[in-house]
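Q: data14.csv is reproduced below (CSV, C-alpha atoms).
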chain,number,residue,atom,x,y,z
R,274,MET,CA,1.6,-0.1,28.5
R,275,PRO,CA,-1.7,1.8,27.6
R,276,ARG,CA,-3.6,0.3,24.7
R,277,TYR,CA,-3.5,3.6,22.7
R,278,LEU,CA,0.3,3.8,23.0
R,279,LYS,CA,0.7,0.2,22.0
R,280,SER,CA,-1.5,0.9,18.9
R,281,ASP,CA,0.5,4.0,18.0
R,282,LEU,CA,3.7,2.0,18.2
R,283,LEU,CA,2.3,-0.8,16.0
R,284,CYS,CA,1.1,1.9,13.4
R,285,LEU,CA,4.7,3.3,13.5
R,286,LEU,CA,6.2,-0.1,13.0
R,287,THR,CA,3.8,-0.8,10.1
R,288,ALA,CA,4.8,2.4,8.4
R,289,THR,CA,8.5,1.6,8.9
R,290,ILE,CA,8.1,-1.9,7.4
R,291,TRP,CA,6.2,-0.5,4.4
R,292,GLY,CA,8.6,2.3,3.9
R,293,PHE,CA,11.7,0.2,3.9
R,294,ALA,CA,9.9,-2.3,1.6
R,295,PHE,CA,10.5,0.1,-1.2
R,296,VAL,CA,14.3,-0.4,-0.6
R,297,ALA,CA,13.9,-4.2,-0.6
R,298,GLN,CA,11.9,-4.0,-3.8
R,299,ARG,CA,14.7,-2.1,-5.6
R,300,VAL,CA,17.4,-4.3,-4.2
R,301,GLY,CA,15.6,-7.5,-5.2
R,302,MET,CA,15.4,-6.3,-8.8
R,303,ASP,CA,19.2,-6.4,-9.0
R,304,HIS,CA,18.7,-10.1,-9.4
R,305,VAL,CA,15.2,-10.9,-10.7
R,306,GLY,CA,12.6,-9.1,-12.8
R,307,PRO,CA,9.7,-7.1,-11.2
R,308,PHE,CA,7.0,-9.7,-12.0
R,309,THR,CA,9.1,-12.6,-10.6
R,310,PHE,CA,9.8,-10.5,-7.5
R,311,ASN,CA,6.1,-9.7,-7.0
R,312,GLY,CA,4.9,-13.3,-7.7
R,313,ILE,CA,7.1,-14.8,-5.0
R,314,ARG,CA,6.5,-11.9,-2.7
R,315,PHE,CA,2.7,-12.2,-2.7
R,316,LEU,CA,2.8,-16.0,-2.6
R,317,LEU,CA,4.8,-15.7,0.6
R,318,GLY,CA,2.4,-13.1,1.9
R,319,ALA,CA,-0.5,-15.4,1.3
R,320,LEU,CA,1.2,-18.3,3.1
R,321,VAL,CA,1.8,-16.1,6.1
R,322,LEU,CA,-2.0,-15.7,6.5
R,323,VAL,CA,-2.6,-19.5,6.5
R,324,PRO,CA,-2.0,-19.9,10.3
R,325,PHE,CA,-4.3,-17.0,11.1
R,326,ILE,CA,-7.0,-18.4,8.9
R,327,TRP,CA,-6.6,-21.9,10.5
R,328,ARG,CA,-6.7,-20.4,14.0
R,329,ASN,CA,-10.0,-18.5,13.2
R,330,ARG,CA,-11.7,-21.4,11.4
R,331,GLY,CA,-13.9,-22.2,14.5
R,332,GLN,CA,-15.0,-18.6,14.8
R,333,SER,CA,-15.9,-18.4,11.1
R,334,ALA,CA,-17.8,-21.6,11.4
R,335,ARG,CA,-19.9,-20.2,14.2
R,336,GLN,CA,-20.9,-17.1,12.3
R,337,PRO,CA,-24.5,-17.2,11.1
R,338,ALA,CA,-24.8,-18.2,7.4
R,339,ARG,CA,-26.8,-15.1,6.6
R,340,HIS,CA,-23.7,-12.9,7.0
R,341,PHE,CA,-22.0,-14.6,4.1
R,342,PRO,CA,-24.6,-16.3,1.9
R,343,GLY,CA,-22.9,-18.4,-0.8
R,344,SER,CA,-19.6,-17.5,0.8
R,345,GLN,CA,-17.3,-19.7,-1.2
R,346,PRO,CA,-18.3,-18.4,-4.7
R,347,LYS,CA,-18.5,-14.9,-3.4
R,348,LEU,CA,-15.0,-15.2,-1.8
R,349,LEU,CA,-13.5,-16.4,-5.0
R,350,PHE,CA,-15.2,-13.8,-7.1
R,351,TYR,CA,-14.5,-10.8,-4.9
R,352,GLY,CA,-11.0,-12.0,-4.0
R,353,SER,CA,-10.2,-12.4,-7.7
R,354,LEU,CA,-11.4,-8.8,-8.4
R,355,ALA,CA,-9.4,-7.5,-5.5
R,356,GLY,CA,-6.4,-9.6,-6.6
R,357,LEU,CA,-6.4,-8.2,-10.1
R,358,ALA,CA,-6.6,-4.6,-8.9
R,359,LEU,CA,-3.7,-5.5,-6.5
R,360,PHE,CA,-1.8,-7.0,-9.4
R,361,GLY,CA,-2.2,-3.8,-11.4
R,362,GLY,CA,-1.1,-1.5,-8.6
R,363,ALA,CA,1.8,-3.7,-7.4
R,364,SER,CA,3.0,-4.2,-11.0
R,365,LEU,CA,3.1,-0.5,-11.8
R,366,GLN,CA,4.8,0.2,-8.5
R,367,GLN,CA,7.4,-2.5,-9.0
R,368,VAL,CA,8.2,-1.7,-12.7
R,369,GLY,CA,8.3,2.0,-11.8
R,370,LEU,CA,11.0,1.3,-9.2
R,371,VAL,CA,13.3,0.1,-12.1
R,372,TYR,CA,13.3,3.7,-13.3
R,373,THR,CA,12.9,5.9,-10.2
R,374,THR,CA,14.2,6.1,-6.6
R,375,ALA,CA,12.7,4.4,-3.5
R,376,GLY,CA,12.0,7.8,-2.1
R,377,ASN,CA,10.1,9.1,-5.1
R,378,ALA,CA,8.2,5.9,-5.3
R,379,GLY,CA,7.2,6.1,-1.6
R,380,PHE,CA,5.9,9.7,-1.8
R,381,ILE,CA,4.1,9.2,-5.1
R,382,THR,CA,2.5,6.0,-4.0
R,383,GLY,CA,1.4,7.8,-0.8
R,384,LEU,CA,-0.8,10.0,-3.0
R,385,TYR,CA,-3.5,7.3,-2.8
R,386,VAL,CA,-4.4,8.8,0.5
R,387,VAL,CA,-5.5,12.0,-1.3
R,388,LEU,CA,-6.9,10.1,-4.3
R,389,VAL,CA,-9.3,7.8,-2.3
R,390,PRO,CA,-11.7,10.6,-1.2
R,391,ILE,CA,-11.6,12.3,-4.6
R,392,MET,CA,-12.3,9.0,-6.4
R,393,GLY,CA,-15.2,8.4,-3.9
R,394,LEU,CA,-17.0,11.3,-5.5
R,395,LEU,CA,-17.7,9.0,-8.5
R,396,TRP,CA,-19.8,6.8,-6.1
R,397,GLY,CA,-21.6,9.7,-4.5
R,398,GLN,CA,-19.5,9.8,-1.4
R,399,GLN,CA,-19.1,13.1,0.5
R,400,THR,CA,-15.8,14.9,1.0
R,401,ASN,CA,-14.7,18.1,2.6
R,402,ALA,CA,-12.5,21.2,2.1
R,403,GLY,CA,-9.5,19.3,3.5
R,404,THR,CA,-9.6,16.9,0.6
R,405,TRP,CA,-9.2,19.6,-1.9
R,406,LEU,CA,-6.6,21.5,0.1
R,407,GLY,CA,-4.6,18.3,0.5
R,408,ALA,CA,-5.0,17.5,-3.2
R,409,LEU,CA,-3.7,21.0,-4.1
R,410,MET,CA,-0.7,20.7,-1.8
R,411,ALA,CA,0.1,17.2,-3.0
R,412,ALA,CA,-0.2,18.3,-6.7
R,413,ILE,CA,2.3,21.2,-6.1
R,414,GLY,CA,4.5,18.8,-4.3
R,415,LEU,CA,4.4,16.3,-7.1
R,416,TYR,CA,5.3,19.0,-9.6
R,417,LEU,CA,8.3,20.0,-7.6
R,418,LEU,CA,9.4,16.3,-7.0
R,419,SER,CA,8.8,14.9,-10.5
R,420,ILE,CA,8.1,17.4,-13.2
R,421,LYS,CA,11.3,18.3,-15.1
R,422,SER,CA,12.2,21.0,-17.6
R,423,GLY,CA,9.8,21.0,-20.6
R,424,PHE,CA,7.0,20.0,-18.3
R,425,THR,CA,7.9,16.3,-18.5
R,426,ILE,CA,7.7,13.5,-15.9
R,427,SER,CA,10.1,10.6,-15.7
R,428,PHE,CA,8.8,7.3,-16.9
R,429,GLY,CA,9.3,5.7,-13.4
R,430,ASP,CA,7.4,8.5,-11.6
R,431,PHE,CA,4.6,8.3,-14.1
R,432,LEU,CA,4.2,4.6,-13.5
R,433,GLU,CA,4.1,5.2,-9.8
R,434,LEU,CA,1.4,7.8,-10.3
R,435,LEU,CA,-0.7,5.4,-12.3
R,436,GLY,CA,0.0,2.9,-9.5
R,437,ALA,CA,-1.3,5.3,-6.9
R,438,LEU,CA,-4.6,5.6,-8.9
R,439,LEU,CA,-4.9,1.8,-8.8
R,440,TRP,CA,-4.1,1.6,-5.1
R,441,ALA,CA,-6.9,4.1,-4.5
R,442,ALA,CA,-9.3,2.0,-6.6
R,443,HIS,CA,-8.2,-1.1,-4.8
R,444,ILE,CA,-9.0,0.5,-1.4
R,445,HIS,CA,-12.5,1.3,-2.6
R,446,LEU,CA,-12.9,-2.2,-3.9
R,447,ILE,CA,-11.8,-3.7,-0.6
R,448,GLY,CA,-14.2,-1.4,1.2
R,449,TRP,CA,-17.0,-2.6,-1.0
R,450,VAL,CA,-16.3,-6.4,-0.8
R,451,SER,CA,-14.9,-6.9,2.7
R,452,PRO,CA,-18.3,-6.7,4.5
R,453,LYS,CA,-19.5,-9.4,2.1
R,454,THR,CA,-17.0,-12.2,3.0
R,455,ASP,CA,-14.4,-13.2,5.5
R,456,SER,CA,-11.6,-10.6,5.6
R,457,LEU,CA,-8.7,-12.9,6.2
R,458,LYS,CA,-9.8,-15.4,3.5
R,459,LEU,CA,-10.4,-12.4,1.2
R,460,ALA,CA,-6.8,-11.2,1.8
R,461,PHE,CA,-5.5,-14.8,1.1
R,462,VAL,CA,-7.4,-15.1,-2.2
R,463,GLN,CA,-6.3,-11.6,-3.4
R,464,PHE,CA,-2.7,-12.3,-2.6
R,465,MET,CA,-2.8,-15.7,-4.4
R,466,VAL,CA,-4.5,-14.1,-7.5
R,467,CYS,CA,-1.9,-11.4,-7.5
R,468,ALA,CA,0.9,-13.9,-7.1
R,469,LEU,CA,-0.3,-16.2,-9.9
R,470,ALA,CA,-0.9,-13.3,-12.3
R,471,SER,CA,2.6,-12.0,-11.6
R,472,LEU,CA,4.2,-15.4,-12.0
R,473,ALA,CA,2.3,-16.0,-15.2
R,474,THR,CA,3.5,-12.7,-16.6
R,475,ALA,CA,7.1,-13.4,-15.4
R,476,VAL,CA,7.1,-16.7,-17.3
R,477,GLY,CA,6.1,-14.9,-20.5
R,478,ILE,CA,8.5,-12.0,-20.4
R,479,GLU,CA,11.2,-12.5,-17.8
R,480,THR,CA,14.1,-14.9,-17.4
R,481,ALA,CA,14.7,-16.3,-13.9
R,482,SER,CA,16.7,-19.0,-12.3
R,483,VAL,CA,17.1,-20.6,-8.9
R,484,ALA,CA,20.4,-18.8,-8.4
R,485,ARG,CA,18.9,-15.4,-9.2
R,486,VAL,CA,16.0,-16.0,-6.8
R,487,ALA,CA,18.4,-17.2,-4.1
R,488,ALA,CA,20.4,-14.0,-4.6
R,489,ALA,CA,17.3,-11.9,-4.1
R,490,SER,CA,15.9,-14.1,-1.3
R,491,THR,CA,16.5,-11.6,1.5
R,492,ALA,CA,14.7,-8.8,-0.3
R,493,ILE,CA,11.9,-11.2,-1.4
R,494,LEU,CA,11.5,-12.5,2.2
R,495,TYR,CA,11.3,-8.9,3.5
R,496,GLY,CA,8.8,-7.9,0.8
R,497,GLY,CA,6.7,-11.0,1.2
R,498,VAL,CA,6.7,-12.0,4.9
R,499,LEU,CA,7.2,-8.6,6.5
R,500,SER,CA,5.7,-6.1,4.1
R,501,VAL,CA,2.7,-8.2,2.9
R,502,GLY,CA,2.0,-10.8,5.5
R,503,VAL,CA,3.1,-9.2,8.8
R,504,ALA,CA,2.5,-5.4,8.2
R,505,TYR,CA,-1.0,-5.8,6.8
R,506,THR,CA,-1.9,-7.9,9.9
R,507,LEU,CA,-0.3,-5.4,12.2
R,508,GLN,CA,-2.3,-2.6,10.6
R,509,VAL,CA,-5.6,-4.4,11.4
R,510,VAL,CA,-4.5,-5.1,15.0
R,511,ALA,CA,-3.2,-1.6,15.5
R,512,GLN,CA,-6.3,0.2,14.2
R,513,ARG,CA,-8.7,-1.6,16.5
R,514,ASP,CA,-7.6,0.7,19.4
R,515,ALA,CA,-5.7,3.5,17.7
R,516,HIS,CA,-7.0,7.0,17.6
R,517,PRO,CA,-7.9,7.7,13.9
R,518,ALA,CA,-5.8,10.9,13.8
R,519,HIS,CA,-2.8,9.1,15.3
R,520,ALA,CA,-3.1,6.2,12.8
R,521,ALA,CA,-3.4,8.6,9.9
R,522,ILE,CA,-0.3,10.5,10.8
R,523,LEU,CA,1.8,7.5,11.6
R,524,LEU,CA,0.8,5.5,8.6
R,525,CYS,CA,1.5,8.4,6.3
R,526,LEU,CA,5.1,8.3,7.5
R,527,GLU,CA,5.6,5.3,5.2
R,528,SER,CA,6.7,7.7,2.5
R,529,VAL,CA,9.3,9.3,4.8
R,530,PHE,CA,10.7,5.9,5.8
R,531,ALA,CA,11.0,5.1,2.1
R,532,ALA,CA,13.1,8.2,1.5
R,533,VAL,CA,15.2,7.5,4.7
R,534,GLY,CA,15.7,3.9,3.6
R,535,GLY,CA,16.7,5.0,0.1
R,536,TRP,CA,19.3,7.4,1.6
R,537,LEU,CA,20.7,4.9,4.1
R,538,VAL,CA,20.8,1.8,2.0
R,539,LEU,CA,20.9,3.0,-1.6
R,540,ASP,CA,22.7,6.3,-1.2
R,541,GLU,CA,19.8,8.1,-2.8
R,542,VAL,CA,20.0,11.9,-2.4
R,543,MET,CA,17.2,14.4,-3.1
R,544,ALA,CA,17.8,17.9,-4.4
R,545,GLY,CA,16.3,20.8,-2.5
R,546,ARG,CA,13.5,21.2,-4.9
R,547,ALA,CA,12.5,17.6,-4.6
R,548,MET,CA,12.7,17.7,-0.8
R,549,ILE,CA,10.3,20.7,-0.7
R,550,GLY,CA,8.0,18.7,-3.0
R,551,CYS,CA,8.1,15.7,-0.6
R,552,VAL,CA,7.3,18.0,2.4
R,553,LEU,CA,4.3,19.4,0.5
R,554,MET,CA,3.1,16.0,-0.6
R,555,LEU,CA,3.3,14.7,3.0
R,556,ALA,CA,1.5,17.8,4.3
R,557,GLY,CA,-1.2,17.3,1.7
R,558,MET,CA,-1.7,13.6,2.7
R,559,LEU,CA,-2.0,14.7,6.4
R,560,VAL,CA,-4.4,17.5,5.7
R,561,SER,CA,-6.6,15.2,3.6
R,562,GLN,CA,-6.7,12.6,6.4
R,563,LEU,CA,-6.9,14.9,9.4
R,564,TYR,CA,-9.2,17.8,8.3
R,565,GLY,CA,-12.4,15.8,8.7
R,566,LEU,CA,-11.4,14.4,12.1
R,567,VAL,CA,-10.4,17.8,13.5
R,568,THR,CA,-13.6,19.6,12.2
R,569,HIS,CA,-15.8,16.7,13.4
R,570,ARG,CA,-14.3,17.0,16.9
R,571,SER,CA,-14.7,20.7,16.9
R,572,GLN,CA,-18.4,20.4,16.0
R,573,SER,CA,-18.9,17.7,18.7
R,574,ASN,CA,-17.5,20.0,21.3
R,575,THR,CA,-19.8,22.9,20.5
Could I get this file's structure written as structure tokens?

A:
Amino acid sequence: MPRYLKSDLLCLLTATIWGFAFVAQRVGMDHVGPFTFNGIRFLLGALVLVPFIWRNRGQSARQPARHFPGSQPKLLFYGSLAGLALFGGASLQQVGLVYTTAGNAGFITGLYVVLVPIMGLLWGQQTNAGTWLGALMAAIGLYLLSIKSGFTISFGDFLELLGALLWAAHIHLIGWVSPKTDSLKLAFVQFMVCALASLATAVGIETASVARVAAASTAILYGGVLSVGVAYTLQVVAQRDAHPAHAAILLCLESVFAAVGGWLVLDEVMAGRAMIGCVLMLAGMLVSQLYGLVTHRSQSNT
């Protein structure tokens, strides 16, 4: 099988896992609270990374010390920052799912794709016309999907929107800290910090029991092992050889799979207005991701 085709299939598999994770997250909360779910989920995700870190220990040891000066303190500091940002985004997403559908959560969360380049302007990063066109399309789509009569937005959709802002901030933070330390260890630390913060919150405001956790075990295992541990690893492997345009399109399908999963498993149905909004939001995400790639290729060919 050609390497690019294998990478495309891995990107599609990653988007599928992430999309259906919204369903697992909703199902799990039939039995446990959102912070309990996230705490165990990210703890499992961190544990999945342990074999990979162990396997790569020799390679990390051979890296020149100048690449990661004072690596352990930096790892804990940067990993904690990333973990707290992850905790904020994951908590808003999970609590939002109590009040909205898996489909809505998937599409609104996907807005981070548009928000990342816009947020980058705060740090002097350049953007292009595709970012603004994509943002406009996504904003119109969000209006059709979530804004109700009286110009109000549901509480769940609002939490998902706040979560999308934090996901975008988390991506910028990871982009800043990942060159400064080992990426696998950074992922492990941020997952552990997010897990501990979630569990600490759960102890304070939620009631859980072994029986409830056991009832939610399938959803928790999916969310932790597959969505956090496996899918993030698959994304890294896939994007080594994937064409950037292919990866952008395929990974954006996460929101579509969330809607499909909500329909198949949870019997969620979108009205026509909401479906048009979802189409516009997906188109906005794709335009934001692909515009720069297409124009760069056109300029390179002239």

Q: Within 12 Å of R:Leu435, counting all atoms listed in the file, which residues show up once you throw out same-chain ones fewer than 3 positions away? Write them as a PyMOL selection string, please.

A: chain R and resi 361-369+378+381-385+388+428-432+438-442

Q: Using only C-alpha atoms, which protein or nucleic acid residues come within 7 Å of R:Thr400? Drop anything in the same chain fewer than 2 positions from it, and give the result as a PyMOL selection string.

A: chain R and resi 390+398+404

Q: To one decimal place in Å, what is the distance between atom CA of R:Ala487 and atom CA of R:His304?

A: 8.9 Å

Q: Name the residues in contact with R:Met554 at a cut-off of 8 Å, using all atoms listed in the file, excluding same-chain residues fewer than 4 positions from it; report them as a CSV table (one decimal) with C-alpha atoms, in the coordinates of the input.

A:
chain,number,residue,atom,x,y,z
R,380,PHE,CA,5.9,9.7,-1.8
R,384,LEU,CA,-0.8,10.0,-3.0
R,410,MET,CA,-0.7,20.7,-1.8
R,411,ALA,CA,0.1,17.2,-3.0
R,412,ALA,CA,-0.2,18.3,-6.7
R,413,ILE,CA,2.3,21.2,-6.1
R,414,GLY,CA,4.5,18.8,-4.3
R,415,LEU,CA,4.4,16.3,-7.1
R,550,GLY,CA,8.0,18.7,-3.0
R,558,MET,CA,-1.7,13.6,2.7

Q: Select, from R:Ala408, R:Ala547, R:Ala484, R:Met302, the residue with the minimum atom-to-atom distance to R:Met392, counting all atoms listed in the file.

A: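 Among the listed residues, the smallest separation from R:Met392 belongs to R:Ala408.
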
Q: Using all atoms listed in the file, can you tell me which of R:Ser561, R:Ala319, R:Val371, R:Leu418 comes closest to R:Val389?

A: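 Of R:Ser561, R:Ala319, R:Val371, R:Leu418, the one nearest R:Val389, counting all atoms listed in the file, is R:Ser561.
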
Q: Record the distance separating atom CA of R:Leu526 and atom CA of R:Ser490, expressed in Å with one decimal.

A: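 Interatomic distance, atom CA of R:Leu526 to atom CA of R:Ser490: 26.4 Å.
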
Q: When you count only C-alpha atoms, which of these residues is closest to R:Leu434: R:Pro307, R:Gly535, R:Gly407, R:Gly379?

A: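 Among the listed residues, the smallest separation from R:Leu434 belongs to R:Gly379.
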
Q: Looking at R:Ala556, R:Ile290, R:Val462, R:Leu417, which one is nearest to R:Met543, with distances taken over all atoms listed in the file?

A: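 Smallest separation from R:Met543 among the options: R:Leu417.
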
Q: Residues at most 8 Å from R:Thr287, counting all atoms listed in the file, excluding those fewer than 6 positions away in the same chain, as a list in words?

A: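 Here the qualifying residues turn out to be Ala504, Tyr505, Leu507, Gln508 and Leu524 of chain R.
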
Q: At what distance in Å, to one decimal, does atom CA of R:Arg485 lie from atom CA of R:Ser528?

A: 28.6 Å

Q: Of the candidates R:Trp536, R:Tyr372, R:Tyr564, R:Phe360, which shows the shortest atom-to-atom distance to R:Asn401, using only C-alpha atoms?

A: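 Counting only C-alpha atoms, the residue closest to R:Asn401 is R:Tyr564.
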
Q: Looking at R:Leu499, R:Val509, R:Leu537, R:Gly312, which one is nearest to R:Ala468, with distances taken over only C-alpha atoms?

A: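 Of the candidates, the smallest distance to R:Ala468 is held by R:Gly312.
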
Q: Around the point (6.7, -11.9, -15.4) in the file's coordinates, collect all residues with an atom within 10 Å, using only C-alpha atoms, and return them as a PyMOL selection string.

A: chain R and resi 305-312+364+469-481

Q: Save stretch 358-458 of chain R from what I just supplied, as a compact mmCIF listing (two decimals), in the first residue's frame, atoms limited to C-alpha atoms.

A:
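Result file follows (out.txt):
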# COMPACT_ATOMS: atom_id res chain seq x y z
CA ALA R 358 -5.37 24.26 29.35
CA LEU R 359 -6.44 20.74 28.39
CA PHE R 360 -8.41 20.45 31.63
CA GLY R 361 -10.27 23.67 30.82
CA GLY R 362 -11.14 22.67 27.26
CA ALA R 363 -12.06 19.08 28.13
CA SER R 364 -14.17 20.15 31.12
CA LEU R 365 -16.17 22.68 29.10
CA GLN R 366 -16.69 20.12 26.36
CA GLN R 367 -17.76 17.39 28.76
CA VAL R 368 -20.11 19.55 30.83
CA GLY R 369 -21.52 21.03 27.63
CA LEU R 370 -22.45 17.54 26.46
CA VAL R 371 -24.86 17.30 29.40
CA TYR R 372 -26.92 20.06 27.76
CA THR R 373 -26.40 19.60 24.01
CA THR R 374 -26.20 16.86 21.41
CA ALA R 375 -23.10 14.96 20.30
CA GLY R 376 -23.54 16.41 16.80
CA ASN R 377 -23.70 20.01 17.99
CA ALA R 378 -20.72 19.46 20.29
CA GLY R 379 -18.69 17.96 17.44
CA PHE R 380 -19.29 20.81 15.02
CA ILE R 381 -18.87 23.61 17.58
CA THR R 382 -15.68 22.06 18.98
CA GLY R 383 -14.38 21.83 15.41
CA LEU R 384 -14.40 25.62 15.24
CA TYR R 385 -10.97 25.56 16.89
CA VAL R 386 -9.65 24.95 13.36
CA VAL R 387 -10.84 28.46 12.41
CA LEU R 388 -9.98 30.03 15.76
CA VAL R 389 -6.33 28.91 15.81
CA PRO R 390 -5.12 31.23 12.99
CA ILE R 391 -7.28 34.12 14.23
CA MET R 392 -5.87 33.74 17.74
CA GLY R 393 -2.39 33.61 16.23
CA LEU R 394 -2.77 37.26 15.24
CA LEU R 395 -2.30 38.13 18.92
CA TRP R 396 1.25 36.75 18.67
CA GLY R 397 2.04 38.46 15.38
CA GLN R 398 1.41 35.42 13.20
CA GLN R 399 0.34 35.98 9.61
CA THR R 400 -2.93 34.77 8.16
CA ASN R 401 -4.69 34.92 4.81
CA ALA R 402 -8.05 35.67 3.21
CA GLY R 403 -9.08 32.04 3.63
CA THR R 404 -9.01 32.42 7.41
CA TRP R 405 -11.49 35.30 7.32
CA LEU R 406 -13.71 33.66 4.70
CA GLY R 407 -13.71 30.45 6.71
CA ALA R 408 -14.48 32.36 9.90
CA LEU R 409 -17.41 34.13 8.25
CA MET R 410 -18.85 30.86 6.93
CA ALA R 411 -18.37 29.17 10.30
CA ALA R 412 -20.02 32.09 12.13
CA ILE R 413 -23.07 31.94 9.86
CA GLY R 414 -23.17 28.19 10.33
CA LEU R 415 -22.96 28.55 14.10
CA TYR R 416 -25.84 31.03 13.98
CA LEU R 417 -28.02 28.58 12.05
CA LEU R 418 -27.02 25.66 14.28
CA SER R 419 -27.19 27.20 17.74
CA ILE R 420 -28.80 30.64 17.87
CA LYS R 421 -32.46 30.41 18.81
CA SER R 422 -35.34 32.89 18.72
CA GLY R 423 -34.59 35.99 20.75
CA PHE R 424 -30.95 35.72 19.67
CA THR R 425 -30.09 33.29 22.46
CA ILE R 426 -27.77 30.30 22.48
CA SER R 427 -28.33 27.14 24.48
CA PHE R 428 -26.19 26.70 27.59
CA GLY R 429 -24.58 23.52 26.25
CA ASP R 430 -23.66 25.09 22.89
CA PHE R 431 -22.23 28.12 24.70
CA LEU R 432 -20.00 25.89 26.83
CA GLU R 433 -18.83 24.06 23.70
CA LEU R 434 -17.98 27.42 22.09
CA LEU R 435 -15.95 28.46 25.13
CA GLY R 436 -14.30 25.05 24.96
CA ALA R 437 -13.37 25.61 21.32
CA LEU R 438 -11.58 28.81 22.35
CA LEU R 439 -9.60 26.87 24.94
CA TRP R 440 -8.81 24.08 22.46
CA ALA R 441 -7.40 26.72 20.11
CA ALA R 442 -5.33 28.22 22.96
CA HIS R 443 -4.13 24.73 23.87
CA ILE R 444 -2.91 24.14 20.31
CA HIS R 445 -0.90 27.39 20.40
CA LEU R 446 0.53 26.41 23.77
CA ILE R 447 1.56 22.97 22.52
CA GLY R 448 3.12 24.57 19.44
CA TRP R 449 5.18 26.79 21.74
CA VAL R 450 6.27 24.16 24.28
CA SER R 451 6.68 20.98 22.20
CA PRO R 452 10.05 22.01 20.67
CA LYS R 453 11.36 22.64 24.19
CA THR R 454 10.92 19.12 25.57
CA ASP R 455 10.20 15.50 24.64
CA SER R 456 6.79 15.33 22.92
CA LEU R 457 5.69 11.93 24.27
CA LYS R 458 6.66 12.81 27.82
